[in-house]
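Engineer: Got a structure here, written out as structure tokens. Questions coming.
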2 protein chains.
Amino acid sequence: MASGTLLYAQSGGVTAVINATASAVIQTARARRVKVLAARNGILGALREDLIDTSKEPAAAIRALAHTPGGAFGSCRVKLKSLEQDRAKYERLLAVLQAHDVRYFLYNGGNDSADTALKVSQLAAEFGYPLTCVGVPKTVDNDLAVTDCCPGFGSAAKYTAVSVRECALDVAAMADTSTKVFVYEAMGRHAGWLAAASGLAGQDPDQAPHLILFPERPYDEPDFFARVKATVERVGYCVVVASEGIQTADGRFVADAGAGKDAFGHTQLGGVASFLAGRVKDELGYKVHWTLPDYLQRSARHLASKTDLDQAQAVGIKAVQFALKGMNAVMPVIVRASDSPYRWKIEAAPLDEIANHEKKMPSNFIRKDGYGITEAARRYLEPLIRGEAPPPYGRDGIPKYVELKNVAVERKLPAYEV
Amino acid sequence: MASGTLLYAQSGGVTAVINATASAVIQTARARRVKVLAARNGILGALREDLIDTSKEPAAAIRALAHTPGGAFGSCRVKLKSLEQDRAKYERLLAVLQAHDVRYFLYNGGNDSADTALKVSQLAAEFGYPLTCVGVPKTVDNDLAVTDCCPGFGSAAKYTAVSVRECALDVAAMADTSTKVFVYEAMGRHAGWLAAASGLAGQDPDQAPHLILFPERPYDEPDFFARVKATVERVGYCVVVASEGIQTADGRFVADAGAGKDAFGHTQLGGVASFLAGRVKDELGYKVHWTLPDYLQRSARHLASKTDLDQAQAVGIKAVQFALKGMNAVMPVIVRASDSPYRWKIEAAPLDEIANHEKKMPSNFIRKDGYGITEAARRYLEPLIRGEAPPPYGRDGIPKYVELKNVAVERKLPAYEV
């Protein structure tokens, strides 16, 4: 039995498979007889000393985590600043870790979490406290550096491709007398990874999605309108996938154009799809429909990618193994060995190569005309949505998602206001 | 071999399982050696003499229709008026049917389609043309009279319940520092069937959906705000499901309040969820997210209900059997024999009891406070979303949906402009 306790925390937007990582972490640690605490609501729980004793959960519940979306211990949107600026918080963190004999800290999140894990490890070294910090990758945005892809992205990508294929069949059937243009809004404020994944829904240019709008390319309204019109005239209908982060050439977010206040001073929450749909209706006169899947696209565990699930579990297992080996300030990353057949492995990468970096989509993933994906993009994306991993369903027709008891650990320190 | 040809047409909004009905119709007719033509784009194809020869499709393609969403032959939103008003169209229809020796006309749709099928049968009788007309039920709106439920509804209901459960897990994980109120917009302009189905996502009042807004109850903003606030304070977050058709006490659609023109004269396509989200943000100050699944909810074949699929196929089989027996102006309807265990059978109902009627949701399905469903609603709804019937997936991670060749039948009549 390894000495010391492992603290696991979830950070940032949750995904369909972040709990699969948690499940793998806890199972791997249990097998090595390492006690696992979880921080409630990510780093906030660690600061507040609001910790959960995962040993109170039966093995079946921990296994069921692997097919449950959301964040079982709660997540948070809190970014710690530099060691200088937020020194009191980092010191409080370290005090909490020490109070509970935590020797392994696993922080499951994106760029910010990697940064936090790195700084905690630096402070521990400064204080001479023996602590091994491991970042664990997660984000539907697929924007982490070093790793080939990010757990969570593949499932959201599969949701996107399948949903676009399905709604395109609907639009195709109705286009003669009803909706001719359909706009699907994909997550992606800075990079068009999920919008790109929609391209997997079709193979040739007449198959949906007919037009993809990427944040990496300026939104040119006249050009877009001309293409919508040409597509409707050629195909009979047009399915557009728009990344929420598209911008005009002068750097304004298109989404903001649809938002604002109405005549009564009420907030208008438009979004890109709503805005584009309105513009197409006004300027081209077509009947339009649009969808904003929002959180559905990152919580649809029922449609998870098997590749993604496997990788989410693999990074969890490796994170524990790395930690117990004392590999400090690293992250288990996914390394692609080949596209076809798709082969991958997990390696350790230094957190300082990941923290606060952002991986952009390669420019050769976007077709020259700017409205679709290339073969290079397909080779990269397609393996990530491959395979199905449906959750078990109850007799009531709904997946059997688990709710943990989340029993709190007794506090040992004075209360702390974050 | 029965003499004469069978003409099958799809009408109105398509569903995840209307093609399963088509598949059953064609397979059943083939087994009886009856030739099946399909009208392209519903009744429009019949009027235009734009007919498809389904015998050109291999058996595997017809089987694959059972797991393919959308409308394989095209559908339409066209309602014929009375025999007096639209007599020329009805006569043209009859001429097309006669020209292709059609003796069985199966029209797969909702109230309007039942009405059209009924009128065609009346005109045929008047002209002494031997024709058997059968309406085949389909609609995600679940508003057809006589039948206990409508094929298409169960799958959309399952999509709704599962999606609400999933996004609620996401919101629950994030609520401490991010989104506290989430609004899901469900289809249902006149009746809250799909909004009601979301109630299956939770059991007790603290489980999502916390508040359901039905078109059957007036939208009372101060009361709604008070309940949102109370829920956030008690549970930590609040998931709202709003039917697109909710109205204020004076009969205005809430969706229209969010629509209109912006300061530049651009069309604002708000929708209910967008409007409610904006109001909650303004008045209560919570961070909100919302989703508008739109067509995704009725095309999500990947999440079809097995009950729904079975019933969609059963009405197709029975429709052919009724037709070949000469049972004219009827519709195969679903009769519920018991809730638990759930048992159902198909019977024939006269089209004139169905045409142009609309089934409302029973008032005892809505909780007294107006914001949730009752046990009676659960007993009715739960069997309809039961069971899974996933499509086969390709190696590319996307369901193997079939595209038919849709080979046109040679025209025999002069062209006709609809």
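We label chains A, B, ... in the order they appear in the structure tokens, count residues from 1 in each chain, and number ligands from 1 in the order shown.
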Near chain A, meaning an atom within 7 Å, which residues of chain B appear when counting only C-alpha atoms? Write them as a PyMOL selection string.
Structural biologist: chain B and resi 14+69-72+74-77+162-163+166-167+169-170+173-174+176-178+262+266-270+274+278-279+282+290-296+299-300+382+385-387+395-398
Engineer: Counting only C-alpha atoms, figure out which residue out of B:Ala117, B:Val239, B:Val330, B:Ala88 gets nearest to B:Gln207.
Structural biologist: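 Counting only C-alpha atoms, the residue closest to B:Gln207 is B:Val239.
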Engineer: Residues at most 6 Å from B:Thr248, counting only C-alpha atoms, excluding those fewer than 4 positions away in the same chain, as a list in words?
Structural biologist: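 After dropping sequence-adjacent residues, the list is Pro218, Tyr219 and Arg252 of chain B.
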Engineer: May I have all residues of stretch 72-116 of chain B that DSSP, computed from the backbone, assigns to strand (DSSP E or B), given as a ChimeraX atom specification?
Structural biologist: /B:102-109
Engineer: Which neighbours of A:Phe365 fall inside 9 Å, counting only C-alpha atoms, when residues of the same chain fewer than 3 positions from it are skipped, and could you give them as a count of residues only?
Structural biologist: 11
Engineer: Counting only C-alpha atoms, which of A:Val409, A:Pro350, A:Ala323, A:Val183 gets nearest to A:Arg32?
Structural biologist: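 For A:Arg32, the nearest of the given residues is A:Ala323.
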Engineer: May I have the residues within 12 Å of A:Ser82 as a PDB file with N, CA, C and O atoms, in the first residue's frame, using only C-alpha atoms and disregarding those fewer than 2 positions away in the same chain?
Structural biologist:
ATOM      1  N   LYS A  79     -10.205  30.400 -11.922  1.00  0.00           N
ATOM      2  CA  LYS A  79      -8.805  30.314 -12.333  1.00  0.00           C
ATOM      3  C   LYS A  79      -7.959  31.030 -11.287  1.00  0.00           C
ATOM      4  O   LYS A  79      -8.193  32.198 -10.987  1.00  0.00           O
ATOM      5  N   LEU A  80      -7.011  30.311 -10.732  1.00  0.00           N
ATOM      6  CA  LEU A  80      -6.077  30.970  -9.809  1.00  0.00           C
ATOM      7  C   LEU A  80      -5.074  31.770 -10.634  1.00  0.00           C
ATOM      8  O   LEU A  80      -4.704  31.396 -11.734  1.00  0.00           O
ATOM      9  N   GLU A  84       2.420  34.817  -7.138  1.00  0.00           N
ATOM     10  CA  GLU A  84       2.564  36.087  -6.435  1.00  0.00           C
ATOM     11  C   GLU A  84       1.187  36.670  -6.110  1.00  0.00           C
ATOM     12  O   GLU A  84       0.906  37.063  -4.977  1.00  0.00           O
ATOM     13  N   GLN A  85       0.342  36.729  -7.126  1.00  0.00           N
ATOM     14  CA  GLN A  85      -0.951  37.398  -6.939  1.00  0.00           C
ATOM     15  C   GLN A  85      -1.883  36.625  -6.013  1.00  0.00           C
ATOM     16  O   GLN A  85      -2.679  37.218  -5.298  1.00  0.00           O
ATOM     17  N   ASP A  86      -1.862  35.311  -6.092  1.00  0.00           N
ATOM     18  CA  ASP A  86      -2.811  34.499  -5.331  1.00  0.00           C
ATOM     19  C   ASP A  86      -2.095  33.632  -4.297  1.00  0.00           C
ATOM     20  O   ASP A  86      -2.565  32.553  -3.944  1.00  0.00           O
ATOM     21  N   ARG A  87      -1.002  34.156  -3.771  1.00  0.00           N
ATOM     22  CA  ARG A  87      -0.173  33.334  -2.881  1.00  0.00           C
ATOM     23  C   ARG A  87      -0.963  32.780  -1.687  1.00  0.00           C
ATOM     24  O   ARG A  87      -0.818  31.611  -1.331  1.00  0.00           O
ATOM     25  N   ALA A  88      -1.845  33.605  -1.128  1.00  0.00           N
ATOM     26  CA  ALA A  88      -2.611  33.153   0.045  1.00  0.00           C
ATOM     27  C   ALA A  88      -3.462  31.931  -0.300  1.00  0.00           C
ATOM     28  O   ALA A  88      -3.590  30.988   0.488  1.00  0.00           O
ATOM     29  N   LYS A  89      -4.018  31.951  -1.504  1.00  0.00           N
ATOM     30  CA  LYS A  89      -4.851  30.809  -1.911  1.00  0.00           C
ATOM     31  C   LYS A  89      -4.007  29.550  -2.100  1.00  0.00           C
ATOM     32  O   LYS A  89      -4.393  28.461  -1.674  1.00  0.00           O
ATOM     33  N   TYR A  90      -2.873  29.716  -2.746  1.00  0.00           N
ATOM     34  CA  TYR A  90      -2.025  28.538  -2.944  1.00  0.00           C
ATOM     35  C   TYR A  90      -1.559  27.980  -1.602  1.00  0.00           C
ATOM     36  O   TYR A  90      -1.492  26.773  -1.392  1.00  0.00           O
ATOM     37  N   ASP A 112      -6.089  25.911 -17.869  1.00  0.00           N
ATOM     38  CA  ASP A 112      -6.015  26.586 -16.577  1.00  0.00           C
ATOM     39  C   ASP A 112      -5.685  25.603 -15.462  1.00  0.00           C
ATOM     40  O   ASP A 112      -4.912  25.906 -14.549  1.00  0.00           O
ATOM     41  N   ASP A 115      -2.185  24.644 -15.357  1.00  0.00           N
ATOM     42  CA  ASP A 115      -1.418  25.735 -14.758  1.00  0.00           C
ATOM     43  C   ASP A 115      -1.513  25.690 -13.232  1.00  0.00           C
ATOM     44  O   ASP A 115      -0.505  25.836 -12.525  1.00  0.00           O
ATOM     45  N   THR A 116      -2.719  25.488 -12.724  1.00  0.00           N
ATOM     46  CA  THR A 116      -2.896  25.420 -11.274  1.00  0.00           C
ATOM     47  C   THR A 116      -2.104  24.250 -10.687  1.00  0.00           C
ATOM     48  O   THR A 116      -1.418  24.391  -9.670  1.00  0.00           O
ATOM     49  N   ALA A 117      -2.218  23.098 -11.330  1.00  0.00           N
ATOM     50  CA  ALA A 117      -1.503  21.912 -10.826  1.00  0.00           C
ATOM     51  C   ALA A 117       0.007  22.178 -10.809  1.00  0.00           C
ATOM     52  O   ALA A 117       0.718  21.802  -9.853  1.00  0.00           O
ATOM     53  N   LEU A 118       0.477  22.842 -11.849  1.00  0.00           N
ATOM     54  CA  LEU A 118       1.902  23.160 -11.926  1.00  0.00           C
ATOM     55  C   LEU A 118       2.324  24.078 -10.775  1.00  0.00           C
ATOM     56  O   LEU A 118       3.348  23.844 -10.118  1.00  0.00           O
ATOM     57  N   LYS A 119       1.509  25.080 -10.492  1.00  0.00           N
ATOM     58  CA  LYS A 119       1.883  26.036  -9.445  1.00  0.00           C
ATOM     59  C   LYS A 119       1.812  25.411  -8.064  1.00  0.00           C
ATOM     60  O   LYS A 119       2.632  25.719  -7.191  1.00  0.00           O
ATOM     61  N   VAL A 120       0.821  24.549  -7.859  1.00  0.00           N
ATOM     62  CA  VAL A 120       0.735  23.868  -6.569  1.00  0.00           C
ATOM     63  C   VAL A 120       1.993  23.021  -6.369  1.00  0.00           C
ATOM     64  O   VAL A 120       2.574  22.974  -5.267  1.00  0.00           O
ATOM     65  N   GLN A 122       4.906  23.598  -7.582  1.00  0.00           N
ATOM     66  CA  GLN A 122       6.053  24.495  -7.317  1.00  0.00           C
ATOM     67  C   GLN A 122       6.056  24.959  -5.865  1.00  0.00           C
ATOM     68  O   GLN A 122       7.102  24.978  -5.196  1.00  0.00           O
ATOM     69  N   LEU A 123       4.871  25.303  -5.367  1.00  0.00           N
ATOM     70  CA  LEU A 123       4.786  25.783  -3.999  1.00  0.00           C
ATOM     71  C   LEU A 123       5.141  24.670  -2.999  1.00  0.00           C
ATOM     72  O   LEU A 123       5.822  24.895  -2.004  1.00  0.00           O
ATOM     73  N   ASN A 356      -1.502  26.965 -19.966  1.00  0.00           N
ATOM     74  CA  ASN A 356      -1.734  28.258 -20.614  1.00  0.00           C
ATOM     75  C   ASN A 356      -1.374  28.314 -22.093  1.00  0.00           C
ATOM     76  O   ASN A 356      -1.341  29.382 -22.679  1.00  0.00           O
TER      77      ASN A 356
END
